[in-house]
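Undergrad: Okay, so here is upload07.cif, and as you'll see once you scroll down, it has mmCIF, C-alpha atoms.
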```
data_work
#
loop_
_atom_site.label_atom_id
_atom_site.label_comp_id
_atom_site.auth_asym_id
_atom_site.auth_seq_id
_atom_site.Cartn_x
_atom_site.Cartn_y
_atom_site.Cartn_z
CA MET A 1 -62.58 10.55 111.84
CA SER A 2 -62.75 13.48 109.45
CA GLN A 3 -59.84 14.43 107.18
CA LYS A 4 -59.34 17.70 109.08
CA SER A 5 -59.08 16.12 112.55
CA ALA A 6 -56.79 13.38 111.22
CA ARG A 7 -54.51 16.03 109.79
CA ALA A 8 -54.49 17.93 113.08
CA GLN A 9 -53.72 14.75 115.00
CA ARG A 10 -50.89 13.88 112.62
CA SER A 11 -49.55 17.40 112.89
CA ASN A 12 -49.51 17.17 116.70
CA VAL A 13 -47.66 13.87 116.56
CA VAL A 14 -45.08 15.28 114.15
CA ARG A 15 -44.63 18.36 116.34
CA THR A 16 -44.14 16.25 119.48
CA GLN A 17 -41.68 13.95 117.71
CA ARG A 18 -39.78 16.93 116.35
CA ALA A 19 -39.54 18.60 119.77
CA ALA A 20 -38.24 15.35 121.26
CA SER A 21 -35.64 14.85 118.51
CA LEU A 22 -34.43 18.48 118.78
CA LYS A 23 -34.00 18.32 122.56
CA PRO A 24 -30.28 17.33 122.48
CA PHE A 25 -29.61 20.14 119.99
CA TYR A 26 -31.30 22.74 122.20
CA ILE A 27 -29.35 21.47 125.21
CA GLY A 28 -26.12 21.76 123.18
CA LEU A 29 -27.05 25.29 122.08
CA ALA A 30 -27.75 26.29 125.70
CA VAL A 31 -24.38 24.86 126.79
CA VAL A 32 -22.56 26.86 124.07
CA ALA A 33 -24.41 30.03 125.15
CA VAL A 34 -23.64 29.53 128.86
CA VAL A 35 -19.95 28.68 128.26
CA GLY A 36 -19.57 31.65 125.86
CA ILE A 37 -21.12 34.13 128.28
CA ALA A 38 -19.04 32.74 131.16
CA LEU A 39 -15.84 33.18 129.11
CA ILE A 40 -16.79 36.76 128.22
CA ALA A 41 -17.57 37.54 131.88
CA ARG A 42 -14.23 36.05 132.93
CA THR A 43 -12.38 38.11 130.31
CA ALA A 44 -14.17 41.25 131.47
CA GLN A 45 -13.10 40.59 135.07
CA HIS A 46 -9.50 39.85 134.12
CA SER A 47 -9.06 42.71 131.65
CA ASP A 48 -6.56 44.97 133.33
CA ALA A 49 -8.54 47.98 134.46
CA SER A 50 -5.46 49.58 136.05
CA ARG A 51 -3.69 49.86 132.68
CA PRO A 52 -4.81 53.08 131.01
CA SER A 53 -6.87 52.57 127.86
CA ILE A 54 -8.61 55.19 125.77
CA ALA A 55 -11.20 52.61 124.70
CA ASN A 56 -12.85 53.14 128.09
CA VAL A 57 -12.94 56.93 127.83
CA ALA A 58 -16.33 58.33 127.06
CA ILE A 59 -16.55 60.87 124.27
CA THR A 60 -16.04 64.22 125.99
CA PRO A 61 -15.94 67.71 124.51
CA VAL A 62 -12.18 68.08 124.98
CA LYS A 63 -10.39 70.01 122.26
CA ALA A 64 -7.51 68.18 120.58
CA GLU A 65 -4.58 70.56 120.99
CA GLY A 66 -1.59 68.25 121.12
CA HIS A 67 1.60 69.44 122.84
CA LEU A 68 3.13 72.58 121.38
CA LEU A 69 6.79 73.32 120.73
CA GLY A 70 7.91 76.65 119.30
CA ASN A 71 6.03 79.76 118.22
CA PRO A 72 2.32 79.05 117.68
CA ASN A 73 2.22 81.91 115.13
CA ALA A 74 5.07 80.53 113.01
CA PRO A 75 4.35 80.58 109.24
CA VAL A 76 4.11 76.76 109.05
CA GLN A 77 2.26 74.43 111.40
CA VAL A 78 3.64 70.93 111.79
CA LEU A 79 1.58 68.23 113.48
CA GLU A 80 3.00 64.86 114.42
CA PHE A 81 0.71 61.91 115.21
CA ALA A 82 2.81 59.36 117.07
CA ASP A 83 2.73 56.45 119.47
CA PHE A 84 5.34 56.42 122.26
CA GLU A 85 5.73 52.65 121.87
CA CYS A 86 6.09 52.60 118.08
CA PRO A 87 9.71 51.85 117.02
CA HIS A 88 9.54 54.07 113.90
CA CYS A 89 8.37 56.98 116.04
CA ALA A 90 11.32 56.37 118.38
CA GLU A 91 13.64 56.27 115.37
CA PHE A 92 12.33 59.63 114.17
CA ALA A 93 12.35 61.17 117.67
CA THR A 94 15.94 60.18 118.41
CA ILE A 95 17.57 60.56 114.97
CA THR A 96 15.72 63.23 112.99
CA GLU A 97 13.74 65.28 115.50
CA PRO A 98 16.77 66.93 117.21
CA ASP A 99 17.68 68.51 113.84
CA VAL A 100 14.04 69.46 113.19
CA ARG A 101 13.85 71.26 116.54
CA LYS A 102 17.17 73.06 116.17
CA ARG A 103 17.02 74.11 112.52
CA ILE A 104 13.29 74.50 111.93
CA VAL A 105 11.38 75.03 115.19
CA ASP A 106 14.02 77.05 117.10
CA ALA A 107 14.68 79.05 113.91
CA GLY A 108 11.02 80.10 113.92
CA LEU A 109 10.22 78.48 110.58
CA ALA A 110 7.51 76.25 111.99
CA SER A 111 5.62 75.35 115.14
CA TYR A 112 5.48 71.70 116.13
CA ARG A 113 2.60 69.90 117.86
CA TYR A 114 2.77 66.33 119.12
CA PHE A 115 -0.55 64.46 119.07
CA ASP A 116 -0.85 61.16 120.93
CA PHE A 117 -1.98 58.47 118.50
CA PRO A 118 -1.88 55.15 120.36
CA ILE A 119 -2.48 52.69 117.54
CA GLY A 120 -3.67 49.87 119.78
CA GLU A 121 -0.88 47.55 118.70
CA PHE A 122 1.13 48.03 121.88
CA SER A 123 0.12 47.58 125.48
CA ASN A 124 1.90 50.54 127.14
CA SER A 125 1.31 53.35 124.60
CA VAL A 126 -1.50 55.05 126.51
CA ALA A 127 0.36 54.66 129.81
CA ALA A 128 3.34 56.44 128.24
CA SER A 129 1.11 59.24 126.89
CA ASN A 130 -0.36 59.53 130.38
CA ALA A 131 3.14 59.80 131.92
CA ALA A 132 4.14 62.49 129.40
CA ALA A 133 0.93 64.50 129.88
CA CYS A 134 1.51 64.47 133.66
CA ALA A 135 5.05 65.73 133.09
CA GLY A 136 3.48 68.40 130.87
CA ASP A 137 1.55 69.67 133.92
CA GLN A 138 4.94 70.62 135.31
CA HIS A 139 6.10 72.04 131.95
CA LYS A 140 8.32 69.04 131.19
CA PHE A 141 6.33 67.31 128.43
CA TRP A 142 9.08 67.46 125.83
CA GLU A 143 11.76 66.35 128.27
CA MET A 144 9.60 63.34 129.21
CA HIS A 145 8.83 62.79 125.49
CA ASP A 146 12.56 62.44 124.81
CA LYS A 147 13.16 60.13 127.77
CA LEU A 148 10.24 57.88 126.76
CA PHE A 149 11.48 57.48 123.20
CA GLN A 150 15.13 57.07 124.19
CA GLY A 151 14.22 54.46 126.81
CA GLN A 152 11.49 52.70 124.81
CA PRO A 153 13.06 49.20 125.10
CA ASP A 154 13.23 49.59 128.90
CA TRP A 155 9.48 49.98 129.45
CA SER A 156 7.73 48.59 126.37
CA SER A 157 7.73 45.01 127.60
CA GLU A 158 6.87 45.83 131.24
CA SER A 159 3.52 44.60 132.54
CA ASN A 160 3.34 47.78 134.66
CA PRO A 161 5.70 50.43 133.21
CA LYS A 162 4.95 53.06 135.89
CA SER A 163 8.13 52.34 137.88
CA VAL A 164 10.29 53.04 134.78
CA PHE A 165 8.32 56.22 134.01
CA ALA A 166 8.77 57.30 137.64
CA THR A 167 12.56 57.06 137.30
CA TYR A 168 12.33 59.44 134.31
CA ALA A 169 10.08 61.80 136.25
CA LYS A 170 12.54 61.79 139.14
CA ALA A 171 15.49 62.40 136.83
CA LEU A 172 13.64 65.39 135.35
CA GLY A 173 13.21 66.83 138.84
CA LEU A 174 9.41 66.65 138.85
CA ASP A 175 7.38 66.95 142.03
CA MET A 176 6.85 63.21 142.46
CA SER A 177 3.74 63.32 144.62
CA THR A 178 1.98 65.57 142.04
CA TRP A 179 3.19 63.42 139.14
CA ASN A 180 2.16 60.19 140.92
CA SER A 181 -1.35 61.40 141.75
CA CYS A 182 -1.75 62.73 138.20
CA TYR A 183 -0.60 59.40 136.70
CA ASP A 184 -2.86 57.32 138.93
CA SER A 185 -5.92 59.52 138.39
CA GLN A 186 -5.52 59.12 134.59
CA LYS A 187 -7.04 62.58 134.31
CA HIS A 188 -5.40 63.25 130.94
CA LEU A 189 -7.06 60.30 129.19
CA PRO A 190 -9.82 62.49 127.65
CA GLU A 191 -7.12 64.74 126.07
CA ILE A 192 -5.19 61.70 124.83
CA LYS A 193 -8.39 60.32 123.33
CA ALA A 194 -9.16 63.71 121.77
CA ASN A 195 -5.68 63.77 120.19
CA HIS A 196 -6.19 60.24 118.90
CA ASP A 197 -9.63 61.10 117.53
CA GLU A 198 -8.20 64.11 115.73
CA GLY A 199 -5.83 61.73 113.94
CA VAL A 200 -8.71 59.40 113.09
CA ARG A 201 -10.66 62.39 111.76
CA ARG A 202 -7.74 63.28 109.51
CA GLY A 203 -7.46 59.71 108.24
CA VAL A 204 -4.20 58.88 110.01
CA ASN A 205 -3.64 55.13 109.98
CA SER A 206 0.03 54.66 110.77
CA THR A 207 2.65 56.25 113.00
CA PRO A 208 4.44 58.50 112.78
CA THR A 209 2.33 60.64 110.45
CA PHE A 210 3.14 64.31 109.88
CA VAL A 211 0.91 67.11 108.74
CA ILE A 212 3.09 69.88 107.31
CA GLY A 213 1.04 72.77 106.02
CA THR A 214 -1.55 71.15 103.79
CA LYS A 215 0.32 67.87 103.20
CA GLN A 216 -0.10 64.69 105.23
CA ILE A 217 3.02 62.50 105.17
CA PRO A 218 3.22 59.04 106.75
CA GLY A 219 6.50 57.52 107.92
CA ALA A 220 9.70 58.47 109.71
CA ILE A 221 10.92 60.76 106.93
CA PRO A 222 14.55 61.98 106.90
CA TYR A 223 15.45 65.56 107.77
CA ASP A 224 16.05 66.76 104.18
CA MET A 225 12.61 65.62 103.10
CA PHE A 226 11.06 67.16 106.21
CA LYS A 227 12.75 70.50 105.48
CA ALA A 228 11.60 70.37 101.85
CA TYR A 229 7.99 69.93 102.98
CA VAL A 230 8.37 72.84 105.43
CA ASP A 231 9.83 75.07 102.69
CA THR A 232 6.99 74.18 100.31
CA ALA A 233 4.42 74.86 103.03
CA ALA A 234 6.10 78.21 103.80
CA MET A 235 5.92 79.22 100.12
CA GLU A 236 2.28 78.20 99.93
CA ALA A 237 1.53 80.18 103.10
CA LYS A 238 3.33 83.21 101.68
CA ALA A 239 1.48 82.98 98.36
CA ALA A 240 -1.86 82.62 100.16
CA SER A 241 -1.08 85.60 102.37
CA HIS A 242 -0.13 87.74 99.29
CA ALA A 243 -3.31 86.74 97.52
CA GLU A 244 -5.36 87.60 100.61
CA SER A 245 -3.72 91.02 101.06
CA SER A 246 -4.19 91.95 97.37
CA VAL A 247 -7.88 91.00 97.63
CA THR A 248 -8.17 93.18 100.75
CA LYS A 249 -6.45 96.10 98.97
CA GLN A 250 -8.74 95.80 95.96
CA ALA A 251 -11.77 95.67 98.20
CA SER A 252 -10.72 98.77 100.14
CA ALA A 253 -9.88 100.65 96.87
CA THR A 254 -13.33 99.99 95.44
CA PRO A 255 -15.63 102.95 96.25
CA MET B 1 -30.71 17.10 103.99
CA THR B 2 -33.76 17.94 106.06
CA ARG B 3 -33.06 20.28 108.95
CA SER B 4 -29.31 20.13 109.14
CA ALA B 5 -28.87 23.51 107.40
CA ARG B 6 -31.17 25.16 109.96
CA LEU B 7 -29.31 23.48 112.83
CA ILE B 8 -25.98 24.70 111.43
CA ILE B 9 -27.34 28.24 110.96
CA ALA B 10 -28.62 28.34 114.55
CA LEU B 11 -25.30 27.13 115.97
CA LEU B 12 -23.19 29.48 113.83
CA ALA B 13 -25.47 32.44 114.63
CA LEU B 14 -25.08 31.76 118.35
CA VAL B 15 -21.27 31.63 118.11
CA GLY B 16 -21.29 34.80 115.97
CA ALA B 17 -23.54 36.55 118.48
CA LEU B 18 -21.12 35.70 121.31
CA ILE B 19 -18.16 37.14 119.34
CA ALA B 20 -20.16 40.28 118.47
CA LEU B 21 -21.20 40.64 122.13
CA TYR B 22 -17.53 40.44 123.19
CA LEU B 23 -16.50 43.15 120.70
CA THR B 24 -19.49 45.33 121.63
CA LEU B 25 -18.59 45.14 125.33
CA PHE B 26 -15.05 46.23 124.45
CA LYS B 27 -16.35 49.11 122.35
CA VAL B 28 -18.63 50.42 125.11
CA GLY B 29 -15.82 50.10 127.68
CA VAL B 30 -17.02 47.15 129.78
CA ILE B 31 -13.97 45.12 128.68
CA GLY B 32 -10.64 46.99 128.94
CA GLN B 33 -8.50 44.92 126.59
CA LEU B 34 -9.27 42.34 123.93
CA VAL B 35 -7.66 38.92 123.91
CA CYS B 36 -5.94 39.17 120.55
CA ASN B 37 -2.95 36.92 119.89
CA VAL B 38 -3.08 37.47 116.13
CA GLY B 39 -3.42 40.88 114.49
CA SER B 40 -4.32 44.24 116.06
CA CYS B 41 -7.89 43.96 117.32
CA GLU B 42 -7.83 47.19 119.38
CA ARG B 43 -6.41 49.20 116.49
CA VAL B 44 -9.26 48.05 114.27
CA ASN B 45 -11.91 48.49 116.96
CA THR B 46 -10.82 52.01 117.84
CA SER B 47 -10.67 53.13 114.21
CA ARG B 48 -13.33 55.26 112.52
CA TRP B 49 -14.61 52.16 110.71
CA ALA B 50 -15.67 50.57 114.00
CA MET B 51 -18.78 52.81 114.06
CA PHE B 52 -21.72 52.73 111.65
CA LEU B 53 -24.70 55.11 111.83
CA GLY B 54 -23.73 56.18 115.34
CA LEU B 55 -23.53 52.65 116.74
CA PRO B 56 -20.58 50.26 117.10
CA VAL B 57 -20.31 47.95 114.08
CA ALA B 58 -20.12 45.05 116.57
CA ALA B 59 -23.57 46.02 117.93
CA TRP B 60 -25.01 45.85 114.39
CA GLY B 61 -23.38 42.44 114.04
CA LEU B 62 -24.89 41.32 117.34
CA ALA B 63 -28.37 42.39 116.20
CA SER B 64 -27.96 40.54 112.87
CA TYR B 65 -26.83 37.34 114.56
CA VAL B 66 -29.72 37.46 117.05
CA VAL B 67 -32.24 37.87 114.20
CA LEU B 68 -30.60 34.99 112.26
CA LEU B 69 -30.67 32.81 115.39
CA VAL B 70 -34.36 33.55 116.03
CA LEU B 71 -35.26 32.86 112.36
CA ALA B 72 -33.36 29.55 112.40
CA LEU B 73 -35.01 28.47 115.68
CA VAL B 74 -38.48 29.47 114.44
CA SER B 75 -37.97 27.55 111.20
CA LEU B 76 -36.96 24.48 113.23
CA GLN B 77 -40.28 24.59 115.07
CA ARG B 78 -42.63 25.20 112.13
CA ASP B 79 -42.92 23.97 108.60
CA THR B 80 -45.25 26.75 107.49
CA LEU B 81 -43.74 29.75 105.74
CA GLU B 82 -40.54 27.73 105.21
CA ARG B 83 -39.73 29.43 101.96
CA GLN B 84 -40.33 32.91 103.33
CA VAL B 85 -38.08 32.24 106.35
CA ALA B 86 -35.39 30.79 104.06
CA LEU B 87 -35.60 33.91 101.86
CA LEU B 88 -35.21 36.14 104.93
CA LEU B 89 -32.18 34.10 106.05
CA VAL B 90 -30.58 34.45 102.62
CA ALA B 91 -31.32 38.19 102.37
CA LEU B 92 -30.01 39.07 105.84
CA SER B 93 -26.92 36.87 105.59
CA ALA B 94 -26.15 38.17 102.06
CA TRP B 95 -26.29 41.78 103.27
CA SER B 96 -24.14 40.88 106.31
CA VAL B 97 -21.57 39.08 104.14
CA LEU B 98 -21.26 42.14 101.87
CA PHE B 99 -20.91 44.45 104.90
CA SER B 100 -18.28 42.12 106.45
CA ALA B 101 -16.35 42.03 103.17
CA TRP B 102 -16.36 45.84 103.04
CA LEU B 103 -15.08 46.01 106.63
CA THR B 104 -12.38 43.40 105.97
CA SER B 105 -11.21 45.39 102.93
CA LYS B 106 -10.92 48.47 105.19
CA GLU B 107 -8.82 46.41 107.62
CA LEU B 108 -6.51 45.23 104.85
CA PHE B 109 -6.15 48.33 102.71
CA VAL B 110 -6.96 51.34 104.91
CA ILE B 111 -6.26 50.49 108.55
CA HIS B 112 -3.49 48.02 107.61
CA ALA B 113 -4.34 45.84 110.59
CA ILE B 114 -6.35 42.68 111.03
CA CYS B 115 -8.76 41.94 113.88
CA ILE B 116 -8.90 38.16 114.22
CA TRP B 117 -12.33 38.32 115.93
CA CYS B 118 -13.73 40.38 113.05
CA VAL B 119 -12.31 37.97 110.46
CA THR B 120 -13.76 35.00 112.39
CA SER B 121 -17.15 36.74 112.47
CA ALA B 122 -16.95 37.43 108.70
CA THR B 123 -16.16 33.75 108.07
CA ILE B 124 -19.10 32.64 110.23
CA MET B 125 -21.41 34.99 108.33
CA ALA B 126 -20.19 33.57 105.00
CA LEU B 127 -20.90 30.02 106.25
CA ILE B 128 -24.38 31.09 107.38
CA PHE B 129 -24.97 32.52 103.91
CA VAL B 130 -23.98 29.22 102.25
CA ALA B 131 -26.19 27.23 104.67
CA SER B 132 -29.08 29.67 104.01
CA LEU B 133 -28.76 29.07 100.26
CA ALA B 134 -28.95 25.32 100.89
CA GLU B 135 -32.00 25.88 103.11
CA LEU B 136 -33.68 28.00 100.42
CA ALA B 137 -33.02 25.31 97.79
CA ARG B 138 -34.55 22.70 100.11
CA ALA B 139 -37.61 24.88 100.84
CA ARG B 140 -38.18 25.35 97.08
CA ARG B 141 -37.89 21.61 96.49
CA VAL B 142 -40.43 20.89 99.25
CA ASP B 143 -42.72 23.54 97.74
CA ARG B 144 -42.50 21.91 94.31
CA GLU B 145 -43.14 18.45 95.75
CA GLU B 146 -46.19 19.68 97.66
CA ARG B 147 -47.62 21.31 94.56
CA PHE B 148 -46.94 18.12 92.57
CA ASP B 149 -48.64 15.98 95.27
CA ALA B 150 -51.65 18.31 95.37
CA GLN B 151 -52.05 18.21 91.58
CA ASN B 152 -51.77 14.40 91.46
CA ALA B 153 -53.94 13.77 94.53
CA ALA B 154 -56.92 15.84 93.36
CA PRO B 155 -58.18 13.56 90.52
CA ALA B 156 -57.26 10.35 92.40
CA ALA B 157 -59.50 11.06 95.41
CA PRO B 158 -62.33 13.30 94.26
CA SER B 159 -64.74 12.56 97.11
CA GLY B 160 -62.78 11.82 100.21
CA SER B 161 -59.45 11.17 101.90
CA GLY B 162 -56.56 12.83 100.09
CA PRO B 163 -52.94 12.63 101.21
CA ILE B 164 -52.38 13.94 104.73
CA ARG B 165 -49.37 16.14 105.32
CA GLY B 166 -48.02 17.23 108.67
#
```
Could you show the structure in this file as structure tokens?

TA:
Amino acid sequence: MSQKSARAQRSNVVRTQRAASLKPFYIGLAVVAVVGIALIARTAQHSDASRPSIANVAITPVKAEGHLLGNPNAPVQVLEFADFECPHCAEFATITEPDVRKRIVDAGLASYRYFDFPIGEFSNSVAASNAAACAGDQHKFWEMHDKLFQGQPDWSSESNPKSVFATYAKALGLDMSTWNSCYDSQKHLPEIKANHDEGVRRGVNSTPTFVIGTKQIPGAIPYDMFKAYVDTAAMEAKAASHAESSVTKQASATP
Amino acid sequence: MTRSARLIIALLALVGALIALYLTLFKVGVIGQLVCNVGSCERVNTSRWAMFLGLPVAAWGLASYVVLLVLALVSLQRDTLERQVALLLVALSAWSVLFSAWLTSKELFVIHAICIWCVTSATIMALIFVASLAELARARRVDREERFDAQNAAPAAPSGSGPIRG
């Protein structure tokens, strides 16, 4: 037998022995793969499709506009990124926001836009945003906003919070058949996702986060601090407007 | 240690691929909610850091694990190109470990939330990297031994049957 054929024969023997000794390992690997895929398939079937989730919403060209309160042409624009289920947001909405609305928004010093920013930490955030957006169709977004934050402990631990939201909708005098069909259709999810994505784009990573003029401020800040930010933003807006008008005057004076 | 490092790499890569598949299916909307008893998996996976070059980060992870699994399985079948395969395993797992570390730092310091599946995947990748280093060291040792055998065998059997290797 030549050296080459002996080597080939030996190689074949080694290969056959190796395949035989690896057989239990391959069987074990196949079992892990099958069990893993079965678990994933089971999870996919059991993941609650009826609970609204923006993770399932495809990227659509919906403009993030939030929900407006006050004069859109006010000198200062305030944006709030908040999660209806976040306790700090509820704290701000129930303690500080009434003063902000009365003394800043109603006084025409600033406009106020609420952007849904479900942070994914809570299970009913998107459902609550959905309920509020449906109330918004009947011009009662802010009333529903207040009810959701005031009643947060009543619905946050519910597996299906719709019945609690429906009591709010009824109390607000909404047309219940319209609100119900809106809620069930989840037609506002693309807007909720757009609002969330706007926050992501701006680097928001906690709730509540406020954008007041050019400043981004995280946390449920007290009223005095909020007002100070609005005043600073108003001064900046005024200075920018003066600078712009003087540039325009100079340009028009130049022959 | 003979093949144990390659066996470990194959098993870890399969488990990592299953985790990455789970997160990818969530990201593309097939799975509505993640099972996440520790941390905030959805917060992390809906953040801006969950996408890389237009694709979900989990999909990149899935691709890496599949390549690592294939390399480990191929190296179990063949002894040729052992060192090259070991180098590829080290290079890919090193890059993946660095990428995972970057993502984990974003979770800790930017998103301020931890995704337990992502941390598990990062740990698996680190273990694969360690096993790949062990595999590379073994492949180098085998290389050296083969060269040593070849040098010693040549003068001992000038006309005929040298040592036969499988």

Undergrad: If you count only C-alpha atoms, which residues fall within 12 Å of Trp155 of chain A, apart from same-chain ones fewer than 2 positions away, as a ChimeraX atom specification?

TA: /A:84-85,122-125,127-128,131,147-153,157-168

Undergrad: Could you state the separation of atom CA of Ile104 of chain A and atom CA of Asn195 of chain A in Å, given to one decimal place?

TA: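 Atom CA of Ile104 of chain A sits 23.3 Å away from atom CA of Asn195 of chain A.
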
Undergrad: Looking at only C-alpha atoms, which of B:Ser75, B:Asn152, B:Ser96, B:Thr104 is the one that sits closest to Ala50 of chain B?

TA: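 Checking each candidate against Ala50 of chain B, we get B:Thr104 as the closest.
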
Undergrad: Show me, as number ranges by chain, the residues that have an atom within 12 Å of Gly61 of chain B when counting all atoms listed in the file, minus same-chain residues fewer than 6 positions from it.

TA: B: 13-24, 50-52, 55, 67-68, 92-93, 95-97, 99-100, 103, 117-118, 121-122, 124-125

Undergrad: The PyMOL selection byres ((chain A and resi 144) around 8) - which residues does that actually catch in the file I just gave you? List them as a PyMOL selection string.

TA: chain A and resi 131-132+135+140-143+145-148+168-169+172

Undergrad: Return the single residue from A:Gly136, A:Gly70, A:Gly120, A:Pro208 that is closest to Cys36 of chain B, with distances computed using all atoms listed in the file.

TA: A:Gly120

Undergrad: Could you tell me, as an mmCIF file with C-alpha atoms, keeping the file's coordinate frame, exactly which residues end up selected when the PyMOL selection byres ((chain B and resi 27) around 10) is applied to this structure?

TA:
```
data_model
loop_
_atom_site.group_PDB
_atom_site.id
_atom_site.type_symbol
_atom_site.label_atom_id
_atom_site.label_comp_id
_atom_site.auth_asym_id
_atom_site.auth_seq_id
_atom_site.Cartn_x
_atom_site.Cartn_y
_atom_site.Cartn_z
ATOM 1 C CA ALA A 55 -11.200 52.610 124.700
ATOM 2 C CA ASN A 56 -12.850 53.140 128.090
ATOM 3 C CA LEU B 21 -21.200 40.640 122.130
ATOM 4 C CA TYR B 22 -17.530 40.440 123.190
ATOM 5 C CA LEU B 23 -16.500 43.150 120.700
ATOM 6 C CA THR B 24 -19.490 45.330 121.630
ATOM 7 C CA LEU B 25 -18.590 45.140 125.330
ATOM 8 C CA PHE B 26 -15.050 46.230 124.450
ATOM 9 C CA VAL B 28 -18.630 50.420 125.110
ATOM 10 C CA GLY B 29 -15.820 50.100 127.680
ATOM 11 C CA VAL B 30 -17.020 47.150 129.780
ATOM 12 C CA ILE B 31 -13.970 45.120 128.680
ATOM 13 C CA GLY B 32 -10.640 46.990 128.940
ATOM 14 C CA GLN B 33 -8.500 44.920 126.590
ATOM 15 C CA LEU B 34 -9.270 42.340 123.930
ATOM 16 C CA GLU B 42 -7.830 47.190 119.380
ATOM 17 C CA ASN B 45 -11.910 48.490 116.960
ATOM 18 C CA THR B 46 -10.820 52.010 117.840
ATOM 19 C CA ALA B 50 -15.670 50.570 114.000
ATOM 20 C CA MET B 51 -18.780 52.810 114.060
ATOM 21 C CA LEU B 55 -23.530 52.650 116.740
ATOM 22 C CA PRO B 56 -20.580 50.260 117.100
ATOM 23 C CA VAL B 57 -20.310 47.950 114.080
ATOM 24 C CA ALA B 58 -20.120 45.050 116.570
ATOM 25 C CA ALA B 59 -23.570 46.020 117.930
#
```

Undergrad: State, in Å with one decimal place, the distance from atom CA of Glu91 of chain A to atom CA of Glu198 of chain A.

TA: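 Those two atoms sit 23.2 Å apart.
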